[in-house]
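Engineer: Pasting in a structure now, in structure tokens, and then I'll have a few things to ask.
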Amino acid sequence: RADRLADRAGHGELGTPMLDVGGGRGRQRQRRRRAAVGIAAGVGIAGGSVAAVAVLSRPADPDRITAAPTDETTPGTAGASTVPGPTTPTATESVPTEFAPSPFTWNRVDPESAEAVSFYNGAPDDMVAGSGPFVVWSTAPAVSDDYSGVLWRSDDGLTWEQVAAPPALVGRTVTQYNSRFLTYGTAPATAAGRRSDLAIGTSDDAGRTWATTVLPLDTSELLAEQGVTSVGVNATSIAATTTGVLVTAQVNANVDLTSKLPAEVRDLGWDLTESGVRAPTGEGCDGVTPTTISFGGPTTTVAVAPDLLTCASRIYTWAELGISEAAAASMRHPEARMLFSTDGVTFTEIEPIGIDAGVTDVRLTLLGDAFVASANRLSADGSYTTTLYSSTDGRQWTSLGSPPVTWVEGFGSSGDRLVVTGYDNEADTQVIAVRDPSGTWTTTSINSFVLPTDGVQASMGGGSFAVGPNGISMVGALFVDPVAEVGGVMLSIDGLTIEIDDTSYTHRVIDDATGEVLATVTWETSSNPELVTVSYTDMGPRMEVRREPGGDVVADYTYEDLSNAVADATVNAAPTGPELFLLHSADGITWSRESLDEIAGATVTGTGGIRITDTQVIVAVLLAGERNPNGTPKQTLLIATPTA
């Protein structure tokens with residue numbers, strides 16, 4: 001869970017890391033094992049610095065079709081459920097995913113042309129605004145390998161010009177209110193003790209010139225709390241309706257915890273609790289190697305489970321450390337703040353009524369002419385919950401209940417439907433969830449897009465996501481387990497055979513002389529530790545094997561040994577990466593599944609994102625083995641126009 005949140009924070013440009021948390025040997029061993037194993041699910045599908053498409057210039061031209069629409073009608077596995085009720089959704093029936101033929105005609109367009117620009121991929125919400133003229137935060141495709149944000153404008157979506165003096169903001173996002181363009185983010189702090197200030201850039205001449213205004217967010221009270229060294233301010237979301245413009249932000253206290261702990265325990269590894277910092281006393285801590293984890297954004301701590309600390313520990317209370325309760329609360333649970341404007345220039349901080357206290361990471365979308373907020377909450381036990389709220393004015397909010405995901409990753413609306421993507425811990429899968437006007441949720445497991453012909457132990461993960469007038473689109477990454485695909489891998493060591501079934505690296509240790517399974521090892525846990533014992537060194541976990549309890553060690557091996565055996569056995573069988581598909585639905589129930597390789601007519605190694613306009617769906621893809629003349633990765637735009 002912490003990995004998922006940290007990953008999300010890293011994609012939102014949420015500023016300088018605000019806290020270093022010392023971990024213990026358990027977190028170190030976990031990271032080393034994952035690095036040695038190289039689990040397929042960890043393969044990235046975002047395509048690195050490739051940006052996503054924002055605006056397309058013209059409809060499809062039949063002469064420029066590069067791939068015929070696919071026609072997959074094979075039903076998927078059952079993976080959807082209907083969830084009623086706007087407040088307390090519970091599953092009541094199972095609905096299989098239905099596959100339909102592609103609804104699109106596809107074109108392929110080079111981004112070097114003046115037909116399209118791609119948008120900067122570092123902001124949490126939309127990066128393009130307007131319906132003519134347009135404003136977009138973008139990269140400069142095929143110009144350089146510098147993918148920092150550039151502000152562009154266009155009168156017609158065909159010809160683009162770079163804005164000469166854009167606002168200097170971080171976490172950029174744009175919107176339009178009446179004829180005024182706005183971009184929202186954080187600027188270098190204008191007051192001591194703050195790392196950044198919320199700021200709005202405004203343009204009244206179709207994006208040609210811009211003025212920047214720092215928003216009146218008062219953090220002086222938090223800065224004055226005992227133990228606070230500075231205050232972090234992050235821009236999270238912006239939305240505009242006919243009533244005005246609403247922005248959300250996140251505020252957290254920055255505390256130098258390391259300097260406040262006793263010197264003798266600072267380097268032994270520690271974690272945070274609600275009442276203070278749990279740290280070793282120094283007794284029985286031989287061999288503990290500290291690990292430092294830095295991060296920012298919606299999560300401010302990574303808790304290390306107490307059972308990972310192998311020595312005696314105690315809790316240093318906040319009072320003992322000279323940190324106020326308010327500072328500790330803000331450090332662990334960043335505070336959500338809102339500001340509202342009726343003109344898009346003058347903003348006033350407001351107190352939202354109806355949104356529960358203690359929420360963080362509030363993101364906005366529109367449903368008709370109403371604001372909808374997705375608000376996350378971190379509970380004392382480390383669990384996360386998300387609640388959706390609706391408001392017509394930004395001040396009075398009504399709860400829409402919780403979506404059927406543990407943590408919202410994608411969020412938006414299509415027509416009169418809300419759409420969220422995220423992870424469902426109970427089902428142990430990523431899902432796409434759609435809420436209709438009656439409050440009924442329909443959830444579809446990403447794994448339900450896997451077909452029986454896709455391979456052994458095939459699974460699918462969700463990537464880039466967009467919603468809009470044309471429906472819902474997501475990039476799905478199909479993984480085939482290379483170990484399972486070759487029928488498993490065996491490793492012989494000193495009269496033992498180790499059988500590995502798949503890339504989870506769960507394995508059986510078998511005595512060749514008797515055929516007896518001595519133990520099964522799963523995630524560094526042995527089913528029979530008297531015969532197969534997992535020990536830990538500075539190099540990571542090592543398995544020691546005995547043929548009888550208390551007997552001599554007859555063999556030992558590491559995960560590196562297993563990894564080498566897997567690499568040798570799968571060198572000709574393992575795919576170079578996942579196969580990518582466009583998953584699309586107009587209603588969240590019936591879906592099409594199209595191979596991006598087939599559409600592009602080449603191997604696609606990654607995507608930068610998806611943009612849905614009134615008439616098209618646009619996907620930016622990275623092609624394998626192709627480079628621009630200047631050596632930058634080759635990006636191609638795949639443009640889908642509905643056939644009906």
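Please note that chains go A, B, ... in the order of the structure tokens, that every chain numbers its residues from 1, and that ligands are numbered from 1 in the order shown.
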Excluding Val534 (chain A) and any residue of its chain fewer than 4 positions from it, enumerate the residues within 10 Å of it, using only C-alpha atoms, and give them as a list in words.
Structural biologist: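 Within the cut-off, the hits are Val521, Glu524, Thr525, Ser526, Pro529, Glu530, Pro541, Arg542, Met543, Glu544, Val545, Asp556, Tyr557 and Thr558 of chain A.
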Engineer: From the DSSP assignment of the backbone, select every residue of region 153-251 of chain A that is strand (DSSP E or B), and format the answer as a PyMOL selection string.
Structural biologist: chain A and resi 153-154+160-162+170-177+180-188+194+196-203+211-214+230-241+244-251
Engineer: Could you pull the residues within 7 Å of Leu596 (chain A), counting only C-alpha atoms, minus those fewer than 6 positions along the same chain, as number ranges by chain?
Structural biologist: A: 580-582, 604
Engineer: How would the residues just picked look written out with all heavy atoms as a short mmCIF file (atom, residue, chain, number, x, y, z; two decimals), in the first residue's frame?
Structural biologist:
```
data_model
loop_
_atom_site.label_atom_id
_atom_site.label_comp_id
_atom_site.auth_asym_id
_atom_site.auth_seq_id
_atom_site.Cartn_x
_atom_site.Cartn_y
_atom_site.Cartn_z
N LEU A 580 0.43 -4.36 -24.94
CA LEU A 580 -0.46 -3.29 -24.52
C LEU A 580 -1.73 -3.28 -25.37
O LEU A 580 -1.69 -3.50 -26.58
CB LEU A 580 0.25 -1.94 -24.62
CG LEU A 580 1.55 -1.82 -23.83
CD1 LEU A 580 2.11 -0.41 -23.94
CD2 LEU A 580 1.35 -2.21 -22.37
N PHE A 581 -2.86 -3.00 -24.71
CA PHE A 581 -4.17 -2.97 -25.35
C PHE A 581 -4.89 -1.68 -24.98
O PHE A 581 -4.70 -1.14 -23.89
CB PHE A 581 -5.02 -4.16 -24.90
CG PHE A 581 -4.51 -5.50 -25.35
CD1 PHE A 581 -3.53 -6.16 -24.63
CD2 PHE A 581 -5.02 -6.10 -26.49
CE1 PHE A 581 -3.05 -7.39 -25.03
CE2 PHE A 581 -4.55 -7.34 -26.91
CZ PHE A 581 -3.57 -7.98 -26.18
N LEU A 582 -5.76 -1.23 -25.87
CA LEU A 582 -6.69 -0.17 -25.52
C LEU A 582 -8.01 -0.82 -25.12
O LEU A 582 -8.62 -1.56 -25.91
CB LEU A 582 -6.94 0.79 -26.69
CG LEU A 582 -7.93 1.92 -26.32
CD1 LEU A 582 -7.30 2.90 -25.36
CD2 LEU A 582 -8.45 2.63 -27.56
N VAL A 604 4.70 -1.81 -29.73
CA VAL A 604 4.55 -0.67 -28.83
C VAL A 604 5.12 -1.05 -27.47
O VAL A 604 4.72 -2.06 -26.88
CB VAL A 604 3.07 -0.26 -28.69
CG1 VAL A 604 2.90 0.82 -27.63
CG2 VAL A 604 2.54 0.22 -30.04
#
```
